[in-house]
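Worksheet: one structure, shown below.
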Amino acid sequence: MSQDEAPQRKVIHVDMDAFYASVEQRDDPSLRGRPVAVGGSKARGVVAAASYEARVFGVKSAMPSVTAARRCPDLVFVPPRFDVYRAVSEQIRAIFAHYTALIEPLSLDEAYLDVSEDLHRLGSARAIAEDIRARIKAETGLTASAGVSYNKFIAKLASDQNKPDGICVIPPHKGAAFVASLPVRRFHGVGPVTAAKMERLGILTGADLRAQPIEMLRANFRSSADYLFRAARGEDDRPVRVDRATKSVGAERTFDRDLTDPAELLAALDRVAEAAWARVDRSGAAGRTVTLKLRFTDFRTITRARSFAMPLADQAGFLAAGVSLLEAQLPVPSGVRLLGLTLSGILEDEEMEAEQEILLL
């Protein structure tokens, strides 16, 4: 290694397997081996999470409950218990902390760990990941999958490679070939809209993406082009961020009956804003963009957002922004079955901005 060359990072991405549904199956033995949906009901709502038994039938998160029940008539709906999921997540976080202080949580059920320093002399990043998975199983009764590699981008791809309850290790000399073999729709940040656009351009795999000149990517994907160019080559120099800022905090509510009356909708917005702001206070998030979400009777969903020059200081300002967004949609074209309000944080750097833009293309 030359004097100027930085040592190779060792990154683990740990992703719990069907986390919410697995917690429910752990705590209620009658649910084990059965298709389970967390959230919603046979008549209303949206699936928040699905067990692997349910996924066999095509049931997945964010799917309307009625669609899920149609695909899987034996599907068991259970209400979410976020206090329990948070408590289990804290248990898992404590296990991570035994191996490294460099932990970047992405959600309750997944995180990046930088284990470049082998604190307990286990010998390799793979050995550390296997030890972590074993401790999670022993202490929580749940399984986790892990991706081990030299950067965050590939570690996250790898954690999904052998799910559930699996591990995948991609060393530096295999990184580019691994990325080239994958469909681009699996790349972090490439959502359905962008994947469809890439398909129209003949870009189906990482190899196809790597073959594109940077000028072509910039013409079609704007500021996301540099991120895509490096990703296609297995390159990602982002560090594991211990102090990663919360990107958004919010709340939403699915109603027992569809709402059309403006007064009822405004009253519902007030309650949702109160719940959302309580989460903002707990998280310490500071954001300047307010986003309203409305889902109608036919499951058509719209979002409307407003950004401010400075972060919002209090619940009153947050609610006022939400009211302004909602009033612009009144009268609603059909009944509203779900209403949500979210505060978004300021993006941390150009890299995150590029990834976010991919989602918005």
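Order determines the names: the first chain of the structure tokens is A, the second B, and so forth; residues in each chain are numbered 1 upward, and ligands are numbered 1 upward as they are shown.
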
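Around Ala87 of chain A, within 12 Å and counting only C-alpha atoms, the residues found are Tyr20, Val23, Arg81, Phe82, Ile92, Arg93, Ala94, Leu108, Asp109 and Thr140 of chain A, once anything fewer than 5 positions away on its own chain is removed.
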
For the residues selected in the previous step, produce a file with N, CA and C atoms as a PDB file, in the first residue's frame.
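Writing done, so here's again_16.pdb:
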ATOM      1  N   TYR A  20     -41.062  -6.855  10.931  1.00  0.00           N
ATOM      2  CA  TYR A  20     -42.317  -6.695  11.685  1.00  0.00           C
ATOM      3  C   TYR A  20     -43.079  -8.017  11.761  1.00  0.00           C
ATOM      4  N   VAL A  23     -41.407 -10.586  14.063  1.00  0.00           N
ATOM      5  CA  VAL A  23     -41.646 -10.306  15.486  1.00  0.00           C
ATOM      6  C   VAL A  23     -43.022 -10.822  15.892  1.00  0.00           C
ATOM      7  N   ARG A  81     -47.284  -3.105  16.065  1.00  0.00           N
ATOM      8  CA  ARG A  81     -46.911  -2.754  17.438  1.00  0.00           C
ATOM      9  C   ARG A  81     -45.527  -2.087  17.391  1.00  0.00           C
ATOM     10  N   PHE A  82     -45.532  -0.820  17.030  1.00  0.00           N
ATOM     11  CA  PHE A  82     -44.259  -0.149  16.792  1.00  0.00           C
ATOM     12  C   PHE A  82     -43.422   0.003  18.062  1.00  0.00           C
ATOM     13  N   ILE A  92     -31.014  -5.037  19.043  1.00  0.00           N
ATOM     14  CA  ILE A  92     -30.126  -5.352  17.926  1.00  0.00           C
ATOM     15  C   ILE A  92     -29.019  -4.304  17.828  1.00  0.00           C
ATOM     16  N   ARG A  93     -29.384  -3.040  18.022  1.00  0.00           N
ATOM     17  CA  ARG A  93     -28.392  -1.956  17.981  1.00  0.00           C
ATOM     18  C   ARG A  93     -27.330  -2.158  19.054  1.00  0.00           C
ATOM     19  N   ALA A  94     -27.736  -2.637  20.214  1.00  0.00           N
ATOM     20  CA  ALA A  94     -26.773  -2.901  21.295  1.00  0.00           C
ATOM     21  C   ALA A  94     -25.795  -4.006  20.895  1.00  0.00           C
ATOM     22  N   LEU A 108     -35.566   0.836  11.438  1.00  0.00           N
ATOM     23  CA  LEU A 108     -35.572  -0.031  12.607  1.00  0.00           C
ATOM     24  C   LEU A 108     -34.928  -1.377  12.324  1.00  0.00           C
ATOM     25  N   ASP A 109     -34.929  -1.804  11.066  1.00  0.00           N
ATOM     26  CA  ASP A 109     -34.508  -3.177  10.768  1.00  0.00           C
ATOM     27  C   ASP A 109     -33.265  -3.305   9.903  1.00  0.00           C
ATOM     28  N   THR A 140     -32.703 -12.526  20.305  1.00  0.00           N
ATOM     29  CA  THR A 140     -34.036 -12.032  19.916  1.00  0.00           C
ATOM     30  C   THR A 140     -34.919 -13.121  19.322  1.00  0.00           C
TER      31      THR A 140
END

Near Ala263 of chain A, counting only C-alpha atoms, which residues have an atom at most 12 Å away, once you skip same-chain residues fewer than 6 positions from it, shown as a ChimeraX atom specification? /A:269-270,323,326-327,330-332

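These are the residues of segment 167-242 of chain A assigned strand (DSSP E or B) by DSSP from backbone coordinates: Ile167, Cys168, Val169, Pro183 and Thr205 of chain A.
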
Between A:Asp298, A:Asp165, A:Asp15, A:Asp237, which residue has the minimum interatomic distance to Phe153 of chain A, considering only C-alpha atoms?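 Using only C-alpha atoms, the shortest distance to Phe153 of chain A belongs to A:Asp237.
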
Please provide as a PyMOL selection string all residues within 10 Å of Pro105 of chain A, with the sequence filter that same-chain residues fewer than 2 positions apart are discarded (counting only C-alpha atoms). chain A and resi 13-14+89+93+102-103+107-113+240-244+246

Please build the interface table for segment 219-242 of chain A against segment 169-182 of chain A with a cut-off of 12 Å, listing for each qualifying residue the nearest atom pair and the distance in Å to one decimal; count only C-alpha atoms, order rows by chain and increasing number, and write it as CSV.
residue,atom,partner,partner_atom,distance
A:Leu228,CA,A:Val179,CA,11.5
A:Phe229,CA,A:Val179,CA,11.8
A:Arg230,CA,A:Ala176,CA,10.1
A:Ala231,CA,A:Val179,CA,7.9
A:Ala232,CA,A:Val179,CA,6.4
A:Arg233,CA,A:Ala176,CA,5.2
A:Gly234,CA,A:Ala176,CA,4.8
A:Glu235,CA,A:Ala176,CA,8.1
A:Asp236,CA,A:Gly175,CA,10.8

May I have the selected residues written with C-alpha atoms, as a short mmCIF file (atom, residue, chain, number, x, y, z; two decimals), in the first residue's frame?
data_model
loop_
_atom_site.label_atom_id
_atom_site.label_comp_id
_atom_site.auth_asym_id
_atom_site.auth_seq_id
_atom_site.Cartn_x
_atom_site.Cartn_y
_atom_site.Cartn_z
CA LEU A 228 -24.75 5.89 -11.46
CA PHE A 229 -21.43 5.98 -13.31
CA ARG A 230 -19.48 5.04 -10.16
CA ALA A 231 -22.08 2.52 -8.95
CA ALA A 232 -21.87 0.61 -12.22
CA ARG A 233 -18.17 0.15 -11.53
CA GLY A 234 -18.64 -0.95 -7.94
CA GLU A 235 -17.28 2.34 -6.62
CA ASP A 236 -18.67 4.12 -3.56
#

Every residue of segment 71-109 of chain A that DSSP places in helix (DSSP H, G or I), as a list in words: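 Filtering segment 71-109 of chain A to helix (DSSP H, G or I) leaves Arg71, Phe82, Asp83, Val84, Tyr85, Arg86, Ala87, Val88, Ser89, Glu90, Gln91, Ile92, Arg93, Ala94, Ile95, Phe96 and Ala97 of chain A.
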
Would you mind listing what lies within 8 Å of Arg306 of chain A as number ranges by chain, with only C-alpha atoms counted and same-chain residues fewer than 2 positions away left out? A: 289-291, 304, 308, 321, 325

Considering only C-alpha atoms, return as a ChimeraX atom specification whatever protein or nucleic-acid residues lie within 6 Å of segment 8-11 of chain A, sequence-local ones (same chain, fewer than 2 positions apart) excluded. /A:113-116,148-151

Mind writing the picked residues with all heavy atoms as a PDB file, in the first residue's frame?
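Once everything was written out, this is again.pdb:
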ATOM      1  N   LEU A 113     -22.542  -1.077   9.151  1.00  0.00           N
ATOM      2  CA  LEU A 113     -21.517  -1.113  10.181  1.00  0.00           C
ATOM      3  C   LEU A 113     -20.154  -1.067   9.493  1.00  0.00           C
ATOM      4  O   LEU A 113     -19.908  -1.812   8.534  1.00  0.00           O
ATOM      5  CB  LEU A 113     -21.589  -2.403  11.010  1.00  0.00           C
ATOM      6  CG  LEU A 113     -22.721  -2.587  12.021  1.00  0.00           C
ATOM      7  CD1 LEU A 113     -24.078  -2.757  11.350  1.00  0.00           C
ATOM      8  CD2 LEU A 113     -22.440  -3.811  12.888  1.00  0.00           C
ATOM      9  N   ASP A 114     -19.281  -0.191   9.969  1.00  0.00           N
ATOM     10  CA  ASP A 114     -17.900  -0.180   9.503  1.00  0.00           C
ATOM     11  C   ASP A 114     -17.080  -0.993  10.495  1.00  0.00           C
ATOM     12  O   ASP A 114     -16.916  -0.598  11.657  1.00  0.00           O
ATOM     13  CB  ASP A 114     -17.379   1.258   9.416  1.00  0.00           C
ATOM     14  CG  ASP A 114     -15.988   1.334   8.790  1.00  0.00           C
ATOM     15  OD1 ASP A 114     -15.176   0.415   9.033  1.00  0.00           O
ATOM     16  OD2 ASP A 114     -15.705   2.321   8.090  1.00  0.00           O
ATOM     17  N   VAL A 115     -16.586  -2.151  10.063  1.00  0.00           N
ATOM     18  CA  VAL A 115     -15.819  -3.037  10.942  1.00  0.00           C
ATOM     19  C   VAL A 115     -14.375  -3.154  10.454  1.00  0.00           C
ATOM     20  O   VAL A 115     -13.735  -4.201  10.605  1.00  0.00           O
ATOM     21  CB  VAL A 115     -16.483  -4.432  11.046  1.00  0.00           C
ATOM     22  CG1 VAL A 115     -17.845  -4.330  11.702  1.00  0.00           C
ATOM     23  CG2 VAL A 115     -16.599  -5.093   9.666  1.00  0.00           C
ATOM     24  N   SER A 116     -13.869  -2.061   9.886  1.00  0.00           N
ATOM     25  CA  SER A 116     -12.488  -2.060   9.412  1.00  0.00           C
ATOM     26  C   SER A 116     -11.526  -2.377  10.551  1.00  0.00           C
ATOM     27  O   SER A 116     -10.475  -3.001  10.338  1.00  0.00           O
ATOM     28  CB  SER A 116     -12.148  -0.702   8.792  1.00  0.00           C
ATOM     29  OG  SER A 116     -13.036  -0.384   7.734  1.00  0.00           O
ATOM     30  N   VAL A 148     -21.479  -8.295   3.127  1.00  0.00           N
ATOM     31  CA  VAL A 148     -20.146  -7.881   3.562  1.00  0.00           C
ATOM     32  C   VAL A 148     -19.345  -7.480   2.336  1.00  0.00           C
ATOM     33  O   VAL A 148     -19.218  -8.263   1.382  1.00  0.00           O
ATOM     34  CB  VAL A 148     -19.420  -9.025   4.305  1.00  0.00           C
ATOM     35  CG1 VAL A 148     -18.058  -8.554   4.819  1.00  0.00           C
ATOM     36  CG2 VAL A 148     -20.279  -9.575   5.437  1.00  0.00           C
ATOM     37  N   SER A 149     -18.797  -6.259   2.351  1.00  0.00           N
ATOM     38  CA  SER A 149     -18.017  -5.821   1.204  1.00  0.00           C
ATOM     39  C   SER A 149     -17.133  -4.639   1.583  1.00  0.00           C
ATOM     40  O   SER A 149     -16.988  -4.314   2.753  1.00  0.00           O
ATOM     41  CB  SER A 149     -18.943  -5.462   0.033  1.00  0.00           C
ATOM     42  OG  SER A 149     -18.220  -5.447  -1.186  1.00  0.00           O
ATOM     43  N   TYR A 150     -16.595  -4.006   0.562  1.00  0.00           N
ATOM     44  CA  TYR A 150     -15.636  -2.923   0.776  1.00  0.00           C
ATOM     45  C   TYR A 150     -16.285  -1.547   0.681  1.00  0.00           C
ATOM     46  O   TYR A 150     -15.620  -0.535   0.867  1.00  0.00           O
ATOM     47  CB  TYR A 150     -14.477  -3.038  -0.219  1.00  0.00           C
ATOM     48  CG  TYR A 150     -14.917  -3.022  -1.676  1.00  0.00           C
ATOM     49  CD1 TYR A 150     -14.879  -1.853  -2.422  1.00  0.00           C
ATOM     50  CD2 TYR A 150     -15.360  -4.189  -2.300  1.00  0.00           C
ATOM     51  CE1 TYR A 150     -15.278  -1.834  -3.744  1.00  0.00           C
ATOM     52  CE2 TYR A 150     -15.751  -4.187  -3.623  1.00  0.00           C
ATOM     53  CZ  TYR A 150     -15.704  -3.007  -4.347  1.00  0.00           C
ATOM     54  OH  TYR A 150     -16.103  -2.989  -5.664  1.00  0.00           O
ATOM     55  N   ASN A 151     -17.584  -1.495   0.384  1.00  0.00           N
ATOM     56  CA  ASN A 151     -18.290  -0.206   0.423  1.00  0.00           C
ATOM     57  C   ASN A 151     -19.773  -0.424   0.688  1.00  0.00           C
ATOM     58  O   ASN A 151     -20.273  -1.557   0.663  1.00  0.00           O
ATOM     59  CB  ASN A 151     -18.057   0.608  -0.868  1.00  0.00           C
ATOM     60  CG  ASN A 151     -18.622  -0.029  -2.121  1.00  0.00           C
ATOM     61  OD1 ASN A 151     -19.711  -0.600  -2.112  1.00  0.00           O
ATOM     62  ND2 ASN A 151     -17.880   0.070  -3.231  1.00  0.00           N
TER      63      ASN A 151
END
